[in-house]
Each structure stands twice: as C-alpha cells, then as structure tokens.
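Let me begin by presenting the structure, written as structure tokens, before commenting on it.
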Amino acid sequence: MAWFKRDKKGITTPTEAKKDTPRGLWYKSPTGKVVDTDQLKNNFYVSPEDGYHVRIGSNEYFEILFDNNEFKELNPNIVSKDPLKFEDTKKYTDRVEAAQKKTGLKDAVRTAVGKSKGNDLVVACMDFAFIGGSMGSVVGEKIARAADYSLKNNIPFMIISKSGGARMMEAALSLMQLAKTSAKLAQLSDAGIPYVSLCTDPTTGGTTASFAMLGDINIGEPGALIAFAGPRVVRDTTGKELPEGFQTAEFLLEKGFLDFICPRHELKDKVNLYLNLILNRKVEISA
Amino acid sequence: MEYLEFELPIKELEEKLQQTLAIGQESDVDVSATIKQIEKKLKATRKDIYANLTAWQRVQMSRHPSRPYTLDYIKAICGDTWLELHGDRNVKDDKAMIGGLGKIGEQSFMFIGQQKGFNTKTRQYRNFGMANPEGYRKALRLMKSAEKFGVPVVALVDTPGAYPGLEAEERGQGEAIARNILEMTRLKVPIIVMIIGEGASGGALGIGVGDKVVMLENTWYSVISPESCSSILWRSWEYKEKAADALKLTSTDMKKLKLVDEILREPQGGAHKDRETIFKSVADCILRQYDDLKDLDSKELVDSRMDKYANMGVYKG
C-alpha cells in the first residue's frame with residue numbers, strides 16, 4: 001500500500017499561478033555545493049562550504065578594497081578602435097559592442113583611486129566577462145595611465161589580473177602592451193613606489209608574462225589558475241598528463257612565484273599590512 | 001625538558017628536590033631544611049656547570065632540541081605584524097629559509113633566516129635548516145626588496161650548513177652563496193645579523209654579512225662543524241671535542257678574534273630555559289644596533305661595512 005494517494009490526476013495549477021524560482025537565487029560551486037546568492041555576496045563571493053572563490057569583476061573587487069566603496073574611476077571613457085579591421089566569426093567591432101552591451105563595461109580593465117583602510121591606493125582591476133579579460137590597447141593604456149597616476153601622486157599601485165591573455169584581435173598591438181605596462185612598472189620601481197600584483201582565476205598568457213608576475217609581492221587567490229601557456233596547450237603540446245594541481249596558485253607558491261595565497265576576506269587587511277610594513281607606516285592590529 | 005649529558009647532575013638534583021617536595025606534602029615530616037639544602041646545592045651546581053662550559057658543550061647547547069628557532073623569535077617579537085613572504089621567483093619556495101616583514105615597535109624590518117623543525121616531520125619539511133640555492137636566492141630577493149624601500153634587514157642565522165645535495169650543486173649552491181655575500185657587502189640598508197644557533201660556514205655567511213653581527217652566548221660560528229673537522233683532520237669523528245676547542249668557534253672566541261661585534265647573554269642554562277627573556281633581549285638588541293646605524297647615509301653605511309670586512313684576517317708582513 002502506498003503512503004500517499006493522489007486524489008486528482010494531472011497538474012491543475014493554471015499557468016499564471018505558477019511560482020517561478022527567480023534566476024540567480026542560488027549558486028552552485030564546482031564541487032556541487034549550493035549557496036544562496038545573498039549569502040555568497042556577504043561572504044566575499046566565496047562559497048562558504050568549500051571555500052571556492054567565485055570569479056568576480058572590478059565592481060566587486062573595488063567594493064572589497066575601497067573604504068565604503070568610495071573611489072574615483074580613472075579614464076573611464078577610453079574605448080577600443082579596430083586598427084586591423086579584424087574579423088573572425090564576427091567583426092571585432094561587433095564583438096566589442098556586444099561585450100559592452102552584455103557587461104555594461106567599456107573594456108576589460110577598470111582603474112580607480114580611493115582609500116583602502118584610510119590610505120590612498122590605485123587599483124587596476126581586470127574584468128574577465130569582457131572578451132575573456134583580454135589585453136589590447138585599451139587595457140594597456142588604462143594600466144599605463146593608472147601607473148602614471150600612482151607615480152605622479154606617490155600612491156601604491158595594485159593590479160588585479162583576471163585574463164585569458166593578450167587580445168588576438170589587436171594582434172601585435174596587444175603583444176606590445178606587455179612591454180608598455182612593464183615599462184611603467186619599471187618607472188614605479190625606480191621611484192620606490194610599491195606595486196602589488198593579485199593573480200586571480202584565471203591569470204594566463206600575456207598578463208602572466210608581464211605585470212602579473214612583476215609585483216613587489218605577488219599574491220594568489222586560492223585555487224586560481226595561473227599560467228603562461230594554459231593546461232590544455234601544455235597537454236596537447238607535450239602529450240603528457242599534467243600533475244594534479246598543476247598551475248594552481250598553490251602550485252605556483254610551492255615553485256616560488258607567489259609571496260603568499262590570500263583568501264578574499266583577508267585581502268584588504270593583507271594588502272594594507274604589506275604596504276604599511278614596506279613603507280614603514282604605522283600598523284594597526286585589530287584584535 | 002631534555003637534559004644534555006653534562007647537565008645530568010642538575011637533573012639528579014632537580015628530581016631529588018621534586019621527591020623531597022612530594023614527601024613533604026604527603027607526610028608530616030618537616031622537609032624544609034632538606035629542601036633548602038638541595039636548592040642551595042642546585043644553584044651552586046648550575047652555576048658551576050654553566051659558567052664553565054667547554055666549546056663542545058656550547059655546540060651541544062646551540063643544538064639543544066628545545067632551543068627556540070628563527071620563527072619562534074620573529075613571531076614572539078613581531079606578533080601580528082609578521083607577514084611571511086615566499087619564493088625565489090625562479091625555482092621553489094625553500095622551506096629551510098624563511099623571510100618576511102615585521103615590526104619591532106614602530107620600525108619595519110625585513111627578516112630572513114634559516115628555519116629548523118621541532119619534530120621529525122617538521123625537521124624533514126625544513127630540511128634540518130639546510131637551505132638550497134633557491135633559499136639563498138629567496139633571501140637575496142627579499143633583501144633587494146628591502147633595499148628598494150629603505151627597510152633595514154635582520155638576518156637570524158641557525159644552520160648546520162648549506163644543503164650538500166646533488167640538485168643543490170646543479171643549481172649552483174656556490175654561486176648562490178657567493179652572490180649573496182657580494183650583494184650583502186654593498187646593500188644600501190642596515191643589516192643586523194644575529195647568530196641564534198649554529199653558524200656553519202658558507203651556509204651561515206650566505207645570509208651573514210652585516211654591519212653588526214651578534215652571537216648569542218651559546219652558539220657557534222666557524223668554517224666547519226667540529227664533527228666534520230674531526231673527520232677530515234683526525235680522520236675520525238671521535239675528536240669532535242678537540243676540534244671544537246681548536247676551531248675557536250664559541251662566541252667568546254669569535255669576539256676576541258673581532259669577527260663578531262657583540263655577545264648577547266642567554267638565560268642561565270641556555271635560551272630555551274627562559275624563552276620570553278631571550279626573545280626580549282634579542283628584540284632589544286636589534287633595536288639598539290639599529291639605533292647606531294639608522295642615521296648613517298647609505299654611502300657611510302656601505303663604506304664602513306666594506307672596511308670592516310677588509311680588516312678581517314691575521315698575517316705577517
């Protein structure tokens with residue numbers, strides 16, 4: 001005998017009375033843990049059960065780093081041109097336009113200045129949602145100008161990398177952004193202005209081969225993929241199975257390329273602790 | 001607490017004292033006179049033993065398993081301001097060499113130092129405090145970073161030697177140490193070196209060139225360990241006591257030879273007998289040394305460091 005008996009056959013609720021679950025109410029991490037999106041937001045977009053660091057963008061990082069989410073965006077209106085009249089399955093101009101529409105961003109990096117724990121900080125933060133966080137002329141120029149701002153005003157500089165690498169649609173122009181951004185970092189270095197690099201998931205290709213690895217300290221986010229050639233390329237080229245954890249932040253720490261790995265909720269404290277120490281400023285330790 | 005062989009008379013008396021105390025508590029027998037007597041004897045014995053340590057006994061003290069290690073000092077001195085930094089940006093993060101930033105009072109310092117483990121597992125993890133080339137390169141990277149920002153360097157030395165391994169040789173152990181020594185002679189910020197345990201040869205000097213070099217009382221510093229010296233020159237490990245004497249490796253001898261600048265007293269019986277006290281003395285000593293150096297401009301600093309090392313050596317003619 002069944003425990004329950006169905007009296008009426010079929011679905012009787014009319015379509016208009018159906019209750020929908022709004023989209024984006026839950027988030028499912030790669031290990032299958034489900035979390036309420038509000039809870040996720042309040043936990044620095046880190047899945048509380050497994051510590052998975054969800055990919056976030058400049059909006060969220062600025063909120064995490066700047067006091068009261070107050071900052072001044074630098075050069076917000078630089079946009080890309082299409083010097084090579086590039087076309088793959090789509091025209092580059094269309095691709096950029098679509099990305100702008102989808103993300104509400106102008107390009108793959110935003111730069112800003114504001115106070116972090118009361119001290120000035122210039123932050124350049126990449127947005128992976130914009131054409132895979134790829135670096136073309138706009139990203140290079142905005143990072144260069146942000147570095148100039150740091151230099152001129154003697155303010156520590158931080159870049160948050162989250163990128164698939166250089167932007168193919170601007171070809172060698174993109175490649176030279178590696179040199180352009182590195183040159184700016186050399187100027188900062190000569191001026192004795194600290195530069196902090198945060199490598200988040202993913203930091204690959206041209207970003208790794210330039211500013212991401214050039215920090216006075218390099219910090220990694222837990223579990224982030226950090227690589228020059230990504231795992232698929234390495235596997236296909238060498239024909240070898242890759243060791244577990246290959247090219248994760250933890251792997252890079254062990255191999256000597258990161259100063260430390262920092263969970264997102266400690267990020268603001270750790271960055272400021274470093275800056276206070278290296279600049280011999282007062283350190284306030286909260287109990 | 002572990003006792004070294006020459007400390008056994010102390011152990012005996014301490015046990016006797018405990019037994020007597022127990023008797024006093026469990027019965028009505030008046031033990032106060034006996035206790036007083038034992039305590040007096042204990043005090044005299046301690047004084048006698050610790051005031052007359054031989055060179056080999058000092059070596060044993062420097063390796064005492066309870067002795068505080070580099071990170072014990074740093075964590076106690078810097079508290080929550082300690083920020084460990086990792087990696088040589090080339091090959092590996094060497095666990096036998098640690099480094100990072102921390103405050104003593106209001107002043108930031110860049111700390112570097114060899115790190116030993118406190119049990120089998122951590123001793124292996126730390127490779128017994130024997131750094132590979134990447135350890136020395138990590139230390140150099142951090143020192144150069146400190147120089148760039150004008151942060152003084154503190155090196156805590158405690159190593160049985162640089163790691164004599166196959167891969168260490170392949171990656172240039174000698175080059176790494178040489179590079180460090182050269183760069184340290186001309187680093188534009190103050191360098192304060194504290195020998196806190198073992199100062200074995202090039203492995204120690206690879207982070208040991210400084211404006212001020214201080215040896216803790218019960219440490220040793222020389223060109224080779226007494227055991228290895230004995231095995232090479234006497235062709236047997238049996239002569240380590242003799243070798244220890246001959247090498248003049250104690251803090252007193254090193255000071256006499258003008259190869260170190262100061263001896264820092266340890267609590268009676270060694271640094272491990274009273275950690276809080278030794279942590280405080282080390283912190284005070286660093287600040288005191290820094291005070292002497294902080295007003296020198298970088299040229300004066302480097303010039304006087306160069307002079308200091310140029311004057312080392314004894315010869316005729």
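Letters A, B, ... mark the chains of the structure tokens in the order given; residue numbers begin at 1 per chain; ligand numbers begin at 1, in order shown.
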- Task: For A:Leu267, list every protein, DNA or RNA residue within 10 Å, evaluated using only C-alpha atoms, and leave out those in the same chain fewer than 2 positions away; present the list as a list of chain:residue names.
- Result: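 Skipping anything fewer than 2 positions along the chain leaves A:Tyr61, A:Ile64, A:Leu65, A:Leu198, A:Ile219, A:Glu221, A:Ile261, A:Cys262, A:Pro263, A:Arg264, A:His265, A:Asp269, A:Lys270, A:Val271, A:Asn272, A:Leu273.
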Let's have the selection written as a compact mmCIF listing (two decimals), in the first residue's frame, with N, CA, C and O atoms.
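Dumped everything to out17.txt:
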# COMPACT_ATOMS: atom_id res chain seq x y z
N TYR A 61 35.58 43.75 -6.68
CA TYR A 61 36.90 43.96 -6.08
C TYR A 61 37.04 45.38 -5.53
O TYR A 61 37.64 45.61 -4.48
N ILE A 64 35.37 45.44 -2.31
CA ILE A 64 36.15 44.76 -1.27
C ILE A 64 37.32 45.63 -0.79
O ILE A 64 37.60 45.72 0.40
N LEU A 65 37.97 46.33 -1.72
CA LEU A 65 39.21 47.02 -1.36
C LEU A 65 39.04 48.46 -0.87
O LEU A 65 39.77 48.92 0.00
N LEU A 198 47.89 40.96 -7.75
CA LEU A 198 46.99 39.90 -7.28
C LEU A 198 46.61 39.05 -8.48
O LEU A 198 46.04 39.57 -9.45
N ILE A 219 50.51 38.07 -5.06
CA ILE A 219 49.57 37.33 -4.22
C ILE A 219 48.69 36.47 -5.14
O ILE A 219 48.37 36.89 -6.26
N GLU A 221 45.01 34.13 -5.46
CA GLU A 221 43.75 33.73 -4.82
C GLU A 221 43.72 32.21 -4.75
O GLU A 221 44.20 31.54 -5.67
N ILE A 261 49.35 33.10 -0.61
CA ILE A 261 47.99 32.96 -1.12
C ILE A 261 47.07 33.60 -0.09
O ILE A 261 47.24 33.41 1.11
N CYS A 262 46.11 34.37 -0.58
CA CYS A 262 45.29 35.10 0.37
C CYS A 262 43.81 34.89 0.05
O CYS A 262 43.35 35.26 -1.02
N PRO A 263 43.06 34.30 0.98
CA PRO A 263 41.63 34.21 0.78
C PRO A 263 41.02 35.61 0.72
O PRO A 263 41.53 36.55 1.33
N ARG A 264 39.94 35.73 -0.02
CA ARG A 264 39.41 37.06 -0.34
C ARG A 264 39.02 37.89 0.89
O ARG A 264 39.19 39.10 0.90
N HIS A 265 38.56 37.22 1.93
CA HIS A 265 38.11 38.01 3.09
C HIS A 265 39.29 38.62 3.85
O HIS A 265 39.10 39.50 4.69
N ASP A 269 43.02 43.45 4.39
CA ASP A 269 43.94 43.51 5.53
C ASP A 269 45.37 43.20 5.12
O ASP A 269 46.31 43.89 5.52
N LYS A 270 45.53 42.16 4.34
CA LYS A 270 46.89 41.70 3.98
C LYS A 270 47.59 42.71 3.07
O LYS A 270 48.77 42.98 3.27
N VAL A 271 46.87 43.24 2.10
CA VAL A 271 47.47 44.22 1.19
C VAL A 271 47.91 45.44 1.99
O VAL A 271 49.02 45.95 1.83
N ASN A 272 47.07 45.88 2.89
CA ASN A 272 47.41 47.05 3.69
C ASN A 272 48.52 46.77 4.70
O ASN A 272 49.36 47.62 4.94
N LEU A 273 48.51 45.55 5.25
CA LEU A 273 49.60 45.19 6.16
C LEU A 273 50.93 45.26 5.41
O LEU A 273 51.90 45.84 5.90
- Fewer than 6 positions away in the same chain doesn't count, so skip those; otherwise give me all residues within 12 Å of stretch 41-46 of chain A, counting only C-alpha atoms, as a PyMOL selection string. chain A and resi 24-29+33-35+52-57+60-65+221-223+263-268
If you take only C-alpha atoms and a cut-off of 8 Å, which residues of chain B touch chain A, and what are their nearest atom pairs and distances in Å to one decimal, in chain and number order, as JSON lines?
{"residue": "B:Asp80", "atom": "CA", "partner": "A:Ile285", "partner_atom": "CA", "distance": 6.8}
{"residue": "B:Thr81", "atom": "CA", "partner": "A:Val283", "partner_atom": "CA", "distance": 7.0}
{"residue": "B:Leu83", "atom": "CA", "partner": "A:Tyr274", "partner_atom": "CA", "distance": 7.2}
{"residue": "B:Glu84", "atom": "CA", "partner": "A:Phe260", "partner_atom": "CA", "distance": 7.7}
{"residue": "B:Leu85", "atom": "CA", "partner": "A:Asp259", "partner_atom": "CA", "distance": 4.6}
{"residue": "B:His86", "atom": "CA", "partner": "A:Asp259", "partner_atom": "CA", "distance": 4.2}
{"residue": "B:Gly87", "atom": "CA", "partner": "A:Gly256", "partner_atom": "CA", "distance": 3.5}
{"residue": "B:Asp88", "atom": "CA", "partner": "A:Gly256", "partner_atom": "CA", "distance": 5.1}
{"residue": "B:Arg89", "atom": "CA", "partner": "A:Phe257", "partner_atom": "CA", "distance": 4.4}
{"residue": "B:Asn90", "atom": "CA", "partner": "A:Gly256", "partner_atom": "CA", "distance": 6.1}
{"residue": "B:Val91", "atom": "CA", "partner": "A:Lys255", "partner_atom": "CA", "distance": 5.3}
{"residue": "B:Lys92", "atom": "CA", "partner": "A:Lys255", "partner_atom": "CA", "distance": 3.8}
{"residue": "B:Asp93", "atom": "CA", "partner": "A:Gly256", "partner_atom": "CA", "distance": 4.3}
{"residue": "B:Asp94", "atom": "CA", "partner": "A:Gly256", "partner_atom": "CA", "distance": 7.9}
{"residue": "B:Leu101", "atom": "CA", "partner": "A:Leu277", "partner_atom": "CA", "distance": 6.4}
{"residue": "B:Gly102", "atom": "CA", "partner": "A:Leu277", "partner_atom": "CA", "distance": 6.6}
{"residue": "B:Lys103", "atom": "CA", "partner": "A:Leu277", "partner_atom": "CA", "distance": 7.2}
{"residue": "B:Glu106", "atom": "CA", "partner": "A:Lys282", "partner_atom": "CA", "distance": 6.6}
{"residue": "B:Gln107", "atom": "CA", "partner": "A:Asn280", "partner_atom": "CA", "distance": 6.3}
{"residue": "B:Ser108", "atom": "CA", "partner": "A:Asn280", "partner_atom": "CA", "distance": 5.3}
{"residue": "B:Phe109", "atom": "CA", "partner": "A:Leu277", "partner_atom": "CA", "distance": 7.9}
{"residue": "B:Ser145", "atom": "CA", "partner": "A:Asp216", "partner_atom": "CA", "distance": 7.1}
{"residue": "B:Ala146", "atom": "CA", "partner": "A:Ile278", "partner_atom": "CA", "distance": 7.4}
{"residue": "B:Lys148", "atom": "CA", "partner": "A:Gly192", "partner_atom": "CA", "distance": 6.2}
{"residue": "B:Phe149", "atom": "CA", "partner": "A:Gly192", "partner_atom": "CA", "distance": 6.0}
{"residue": "B:Val151", "atom": "CA", "partner": "A:Ile278", "partner_atom": "CA", "distance": 6.8}
- Message: So that I can check the surroundings of stretch 214-220 of chain B, please list as a count of residues only every protein, DNA and RNA residue that reaches within 10 Å of it, counting only C-alpha atoms and ignoring chain neighbours fewer than 3 positions away.
- Response: 54
